[in-house]
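Worksheet: the structure to be examined is printed underneath.
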Amino acid sequence: MGSKTKTKKGAPSEDLLETLGDFTSKDNWDKFFTIRQDSFEWYSEWHNLKDPLLSLLQTLTPPLQLLVPGCGNSRLSEHLYDAGYTAITNVDFSKVVISDMLRRNVRLRPHMRWRVMDMTAMQFEDETFSAVIDKGGLDALMEPELGPKLGNQYLSEVKRVLKPGGKFVCLTLAESLVLDLLFSKFRLGWKMSVDAIPLTSSCKPNLQTFMVVVEKELSTLVHQITSLLHNSSLHCNSKQASGLREALQNENQIREKYSSSSDILYSVEDLQKELTKLSQGRRLQLTLGGQGCSVFSYRAVVLDAEEQSDPFTYHCGVFIVPKTRAREWLFFSEEGQWMVVRSSKAARLIMVFLDTSHTNASMDDIQEDLSPLVKPLAPNENVNGAQIPFMMASEGIKERNIVHQITSSLTGSIIVEDVVYENVDDEVSCIFPSRELVFRRLIFERAANLVQSEALLKDELLSTKVGETEGKKPNSSSKSRKSGSQKRNSGLGTSSQLTVYHGYLASSYHTGIISGFTLISSYMESAASSGKMVKAVIIGLGAGLLPMFLHGCIPFLEIEAVELDPVIVDVARDYFSFVEDKRLKVHIADGIQFVREIANSGTAQFHGKSNNSNYTKSPSNGSSTASPAEGVEATKVDIVIVDVDSSDPSSGMTCPAPDFLDESFLETVKDNLSEQGLFVVNLVSRSQAIKDMVLLRMKKVFSHLFCLQLDEDVNEVHFALKSESCIEDNCFSEASLKLDKLLKFKHPEIGQNILNATKKIRRLN
């Protein structure tokens, strides 16, 4: 990649360059890659890049996740893969080239990922990659006519997706426009070096490629740029070399001034003038404090409120987010942050995120340390010099006790913990009004911001009084507890005498999943009245709370739960009271393969249609596993629920794993559903593009789609019907009442949540 003037040995012909035209145009690149299907290296060849690149990657801590943005049809990723770096994600906004590269590599390099994605707005989670390797991508974005806008957006994304200690490798022709942006963008808290790519004596083009390496360092220090340039390594014209050396000298002089200053705001010096005045709707990320000026460093976001009709209560406020809540949607996402700004009534809100470095500090210590750092960030409108109020997102937990911790080769670190919340909803308080409520949570360290499962604990002695019935509760991913906090005795001091109560669901999305049964409530009513069993497959066991709840409240439901990780099954049994019987079985298997085998060979037979010989018991944990049975017809399923998290952060989805939304799997689900069957999937993604993609894929397969967006939650529950006929909108109320009559609850008020959720289900097509 590069600008149109950068023709060199092996460069495409002039007519191809004419076809390409604007280097920032997706359509032009699609046309170019359609014409030029063979691989082409815009900059240095692999034999020149191999030694410096591999030497650099060896300095990083494995396992490595590599990102190659603007990959084009270069063979760079293939060479890196063949050198042993197989965890590579390639992105390009040209669907043409991604399709070509995928076909070229799918068999030879099966672990390499290819994504159609705009590198200036990538859909990856923060801190995903160990290294980002750019071969001319930044240069291509820096069209002189467009200025640095696209390049600035792209580098912001690079900074976001890099892990601490990760490196950005930029292969560039080092034009002044590119260097100005690179140097300023990575000035604060980043280490940088510049080197020339060595060339063979037989290949000395007019323009040489340089390698700029930037290392992410979580600090506010300003480092000098290390120049690795030597006359012997330079083969470019004197103008290019002298321009680079001059730029390096000027930048290092600027950095020297930053480093020698005692002004604590020099870490945000670039923003100093901008921050003197409010700018409605502006959002800036920065670091505060650091060595020599404060005890701690802090990551912060400055948000200037949009115009509102009511006057602001504060000109400027500070909102502290504890580490345990930093990844919640309300504080992690931009949309959620703006909600906090509106509720704070502050014209400018400085949101400060705590991390592990602040673990042993009290809130008084944090506030004392932060005060001198945030005062200069107040806008000039604060003419009266009013004090800046400190607010804090309560962790919401009074007590926490880790009950069990284990590491699985499939899932990683797994934690079971008991917690007492500061506040709980009135509806659950009335179930056990005599004591303080304790909840048991299942957490995967790979997604520590999400609670995978949460259960209400009950006194073991009260089992016969309460019964093994059902119910449910509100928020699951934020786990916030609303009004009605009541002081009661008990707590974690007696948690060893408590057991899981399966008559209540603590996760709001579980409630949402069940509310979707309204869509087939007439079919379920008919099955119940005729003595027929309704058959369900739940992919993703977790703590087993959803299948146990359904087992208790729907007596005519047969459930097959599928879990890939046997360690999870053991945790569910040992710590969440999960048990199997003739209506509830668990299979340790791949969920996608399990669904396929229902149709292909009848191996995943429901016990209502098969005998015990169709199952084998695992000698290690006693779980049911499916085995083929001759002469058994395939069993249709009435309900398929997908509730699994994704272990691949680069997919942009927290739940489910992308394979469960492939069109081939959706077709398999549809084929295996009964005529009145229902497909349910729990979707967790902050990317609107991914949500739109999911909807398009499901529309290709299913005629009738519905969605439930949960309040104050990132979860969306999607429902799809196999039948060509569908429930009419004016029949929803009647259908929800049918469902309510089918569900058997010990506490009638618990069922009200499901009825309320049915009213929020909306049709998507």
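Residue numbers start at 1 in each chain; chains themselves are named A, B, ... in the order of the structure tokens; ligands are numbered from 1 in the order shown.
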> Leaving out Ala300 of chain A and any residue of its chain fewer than 2 positions from it, which residues lie within 12 Å of it when counting only C-alpha atoms, given as number ranges by chain?
Replying inline: A: 268, 283-289, 297-298, 302-303, 318-321, 326, 331-332, 337, 349-355, 370, 373-374, 377
>> If we count only C-alpha atoms and set the cut-off at 10 Å, which residues sit around Leu737 of chain A, ignoring sequence neighbours fewer than 4 positions away in its own chain? Please answer as a PyMOL selection string.
In response: chain A and resi 518+521+732-733+741-742+755+758
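Using only C-alpha atoms, the residues found no farther than 10 Å from His704 of chain A, other than those of its own chain fewer than 6 positions away, are Met698, Phe719, Ala720, Leu721, Lys722, Ser723, Glu724, Ser725, Cys726, Ile727, Arg763, Leu764 and Asn765 of chain A.
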> A:Arg282, A:Tyr575, A:Leu146, A:Gly542: which is nearest Ala305 of chain A, counting only C-alpha atoms?
Replying inline: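 Ranked by minimum distance to Ala305 of chain A, first place goes to A:Arg282.
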>> DSSP on the backbone, helix (DSSP H, G or I) only: what residues of segment 323-393 of chain A does that give? Format it as number ranges by chain.
In response: A: 323-325, 329-332, 334-344, 356-358, 363-377
Given the selection you just returned, output its residues as a file containing N, CA, C and O atoms, formatted as a short mmCIF file (atom, residue, chain, number, x, y, z; two decimals), in the first residue's frame.
```cif
data_model
loop_
_atom_site.label_atom_id
_atom_site.label_comp_id
_atom_site.auth_asym_id
_atom_site.auth_seq_id
_atom_site.Cartn_x
_atom_site.Cartn_y
_atom_site.Cartn_z
N LYS A 323 -12.31 -1.44 40.12
CA LYS A 323 -11.84 -2.43 39.15
C LYS A 323 -12.90 -3.48 38.86
O LYS A 323 -13.06 -3.90 37.71
N THR A 324 -13.63 -3.92 39.88
CA THR A 324 -14.60 -5.00 39.70
C THR A 324 -15.76 -4.61 38.81
O THR A 324 -16.50 -5.47 38.33
N ARG A 325 -15.95 -3.30 38.58
CA ARG A 325 -17.08 -2.86 37.76
C ARG A 325 -16.63 -2.18 36.47
O ARG A 325 -17.47 -1.73 35.69
N TRP A 329 -21.12 -2.87 31.23
CA TRP A 329 -21.58 -2.09 30.07
C TRP A 329 -21.77 -0.63 30.42
O TRP A 329 -21.41 0.27 29.64
N LEU A 330 -22.31 -0.35 31.60
CA LEU A 330 -22.61 1.02 31.99
C LEU A 330 -21.37 1.89 32.03
O LEU A 330 -21.42 3.08 31.74
N PHE A 331 -20.23 1.31 32.37
CA PHE A 331 -19.00 2.08 32.50
C PHE A 331 -18.02 1.80 31.37
O PHE A 331 -17.19 2.65 31.05
N PHE A 332 -18.12 0.63 30.77
CA PHE A 332 -17.18 0.21 29.73
C PHE A 332 -17.52 0.82 28.37
O PHE A 332 -16.63 1.24 27.62
N GLU A 334 -19.25 3.47 25.55
CA GLU A 334 -19.48 4.91 25.43
C GLU A 334 -20.93 5.26 25.74
O GLU A 334 -21.22 6.25 26.43
N GLU A 335 -21.85 4.46 25.23
CA GLU A 335 -23.26 4.73 25.47
C GLU A 335 -23.57 4.72 26.97
O GLU A 335 -24.29 5.58 27.48
N GLY A 336 -23.03 3.73 27.67
CA GLY A 336 -23.24 3.65 29.10
C GLY A 336 -22.62 4.83 29.84
O GLY A 336 -23.21 5.37 30.78
N GLN A 337 -21.42 5.25 29.41
CA GLN A 337 -20.76 6.37 30.05
C GLN A 337 -21.58 7.65 29.91
O GLN A 337 -21.66 8.45 30.86
N TRP A 338 -22.20 7.84 28.77
CA TRP A 338 -23.03 9.05 28.61
C TRP A 338 -24.27 8.98 29.51
O TRP A 338 -24.76 10.02 29.97
N MET A 339 -24.76 7.79 29.78
CA MET A 339 -25.86 7.66 30.74
C MET A 339 -25.42 8.11 32.13
O MET A 339 -26.17 8.78 32.85
N VAL A 340 -24.19 7.75 32.51
CA VAL A 340 -23.66 8.17 33.80
C VAL A 340 -23.53 9.68 33.85
O VAL A 340 -23.84 10.32 34.86
N VAL A 341 -23.07 10.28 32.75
CA VAL A 341 -22.93 11.74 32.69
C VAL A 341 -24.28 12.41 32.93
O VAL A 341 -24.39 13.37 33.72
N ARG A 342 -25.31 11.92 32.27
CA ARG A 342 -26.64 12.54 32.42
C ARG A 342 -27.15 12.43 33.86
O ARG A 342 -27.74 13.36 34.39
N SER A 343 -26.91 11.29 34.48
CA SER A 343 -27.40 11.11 35.85
C SER A 343 -26.57 11.89 36.87
O SER A 343 -27.05 12.19 37.96
N SER A 344 -25.33 12.24 36.52
CA SER A 344 -24.46 12.95 37.47
C SER A 344 -24.80 14.42 37.59
O SER A 344 -24.39 15.08 38.55
N THR A 356 -5.62 -2.93 39.29
CA THR A 356 -4.97 -3.72 40.33
C THR A 356 -3.93 -2.93 41.12
O THR A 356 -3.63 -3.27 42.27
N SER A 357 -3.38 -1.88 40.52
CA SER A 357 -2.37 -1.09 41.23
C SER A 357 -2.96 -0.32 42.40
O SER A 357 -2.24 0.15 43.27
N HIS A 358 -4.29 -0.17 42.43
CA HIS A 358 -4.94 0.59 43.49
C HIS A 358 -5.57 -0.31 44.55
O HIS A 358 -6.29 0.17 45.43
N MET A 363 -10.28 4.52 49.74
CA MET A 363 -10.89 5.55 48.92
C MET A 363 -10.43 6.94 49.34
O MET A 363 -10.30 7.85 48.52
N ASP A 364 -10.14 7.11 50.62
CA ASP A 364 -9.60 8.40 51.09
C ASP A 364 -8.23 8.66 50.46
O ASP A 364 -7.92 9.79 50.05
N ASP A 365 -7.41 7.60 50.38
CA ASP A 365 -6.08 7.74 49.76
C ASP A 365 -6.22 8.08 48.28
O ASP A 365 -5.49 8.93 47.76
N ILE A 366 -7.14 7.40 47.60
CA ILE A 366 -7.34 7.65 46.17
C ILE A 366 -7.80 9.08 45.94
O ILE A 366 -7.30 9.79 45.06
N GLN A 367 -8.76 9.53 46.73
CA GLN A 367 -9.29 10.88 46.55
C GLN A 367 -8.21 11.94 46.82
O GLN A 367 -8.10 12.93 46.09
N GLU A 368 -7.41 11.72 47.85
CA GLU A 368 -6.34 12.66 48.17
C GLU A 368 -5.31 12.72 47.04
O GLU A 368 -4.79 13.79 46.70
N ASP A 369 -5.02 11.57 46.45
CA ASP A 369 -4.05 11.50 45.36
C ASP A 369 -4.59 12.12 44.08
O ASP A 369 -3.86 12.76 43.32
N LEU A 370 -5.89 11.95 43.84
CA LEU A 370 -6.51 12.44 42.61
C LEU A 370 -6.77 13.95 42.62
O LEU A 370 -6.74 14.60 41.56
N SER A 371 -7.06 14.49 43.78
CA SER A 371 -7.52 15.89 43.87
C SER A 371 -6.64 16.87 43.11
O SER A 371 -7.15 17.66 42.28
N PRO A 372 -5.32 16.89 43.33
CA PRO A 372 -4.50 17.85 42.58
C PRO A 372 -4.40 17.54 41.09
O PRO A 372 -4.05 18.41 40.29
N LEU A 373 -4.71 16.31 40.70
CA LEU A 373 -4.64 15.94 39.28
C LEU A 373 -5.86 16.41 38.51
O LEU A 373 -5.77 16.73 37.32
N VAL A 374 -7.01 16.44 39.16
CA VAL A 374 -8.25 16.76 38.44
C VAL A 374 -8.61 18.24 38.51
O VAL A 374 -9.36 18.73 37.65
N LYS A 375 -8.09 18.97 39.48
CA LYS A 375 -8.45 20.39 39.60
C LYS A 375 -8.13 21.18 38.33
O LYS A 375 -8.95 21.97 37.87
N PRO A 376 -6.94 20.99 37.73
CA PRO A 376 -6.65 21.75 36.50
C PRO A 376 -7.50 21.33 35.30
O PRO A 376 -7.46 21.99 34.26
N LEU A 377 -8.23 20.23 35.42
CA LEU A 377 -9.07 19.77 34.32
C LEU A 377 -10.46 20.39 34.35
O LEU A 377 -11.24 20.18 33.43
#
```
> Separation of atom CA of Leu60 of chain A and atom CA of Ile225 of chain A, in Å?
Replying inline: 19.5 Å
> Can you list, as a PyMOL selection string, every protein, DNA or RNA residue that comes within 9 Å of Val161 of chain A when you count only C-alpha atoms, leaving out same-chain residues fewer than 2 positions away?
Replying inline: chain A and resi 122+124-130+132+156-159+163
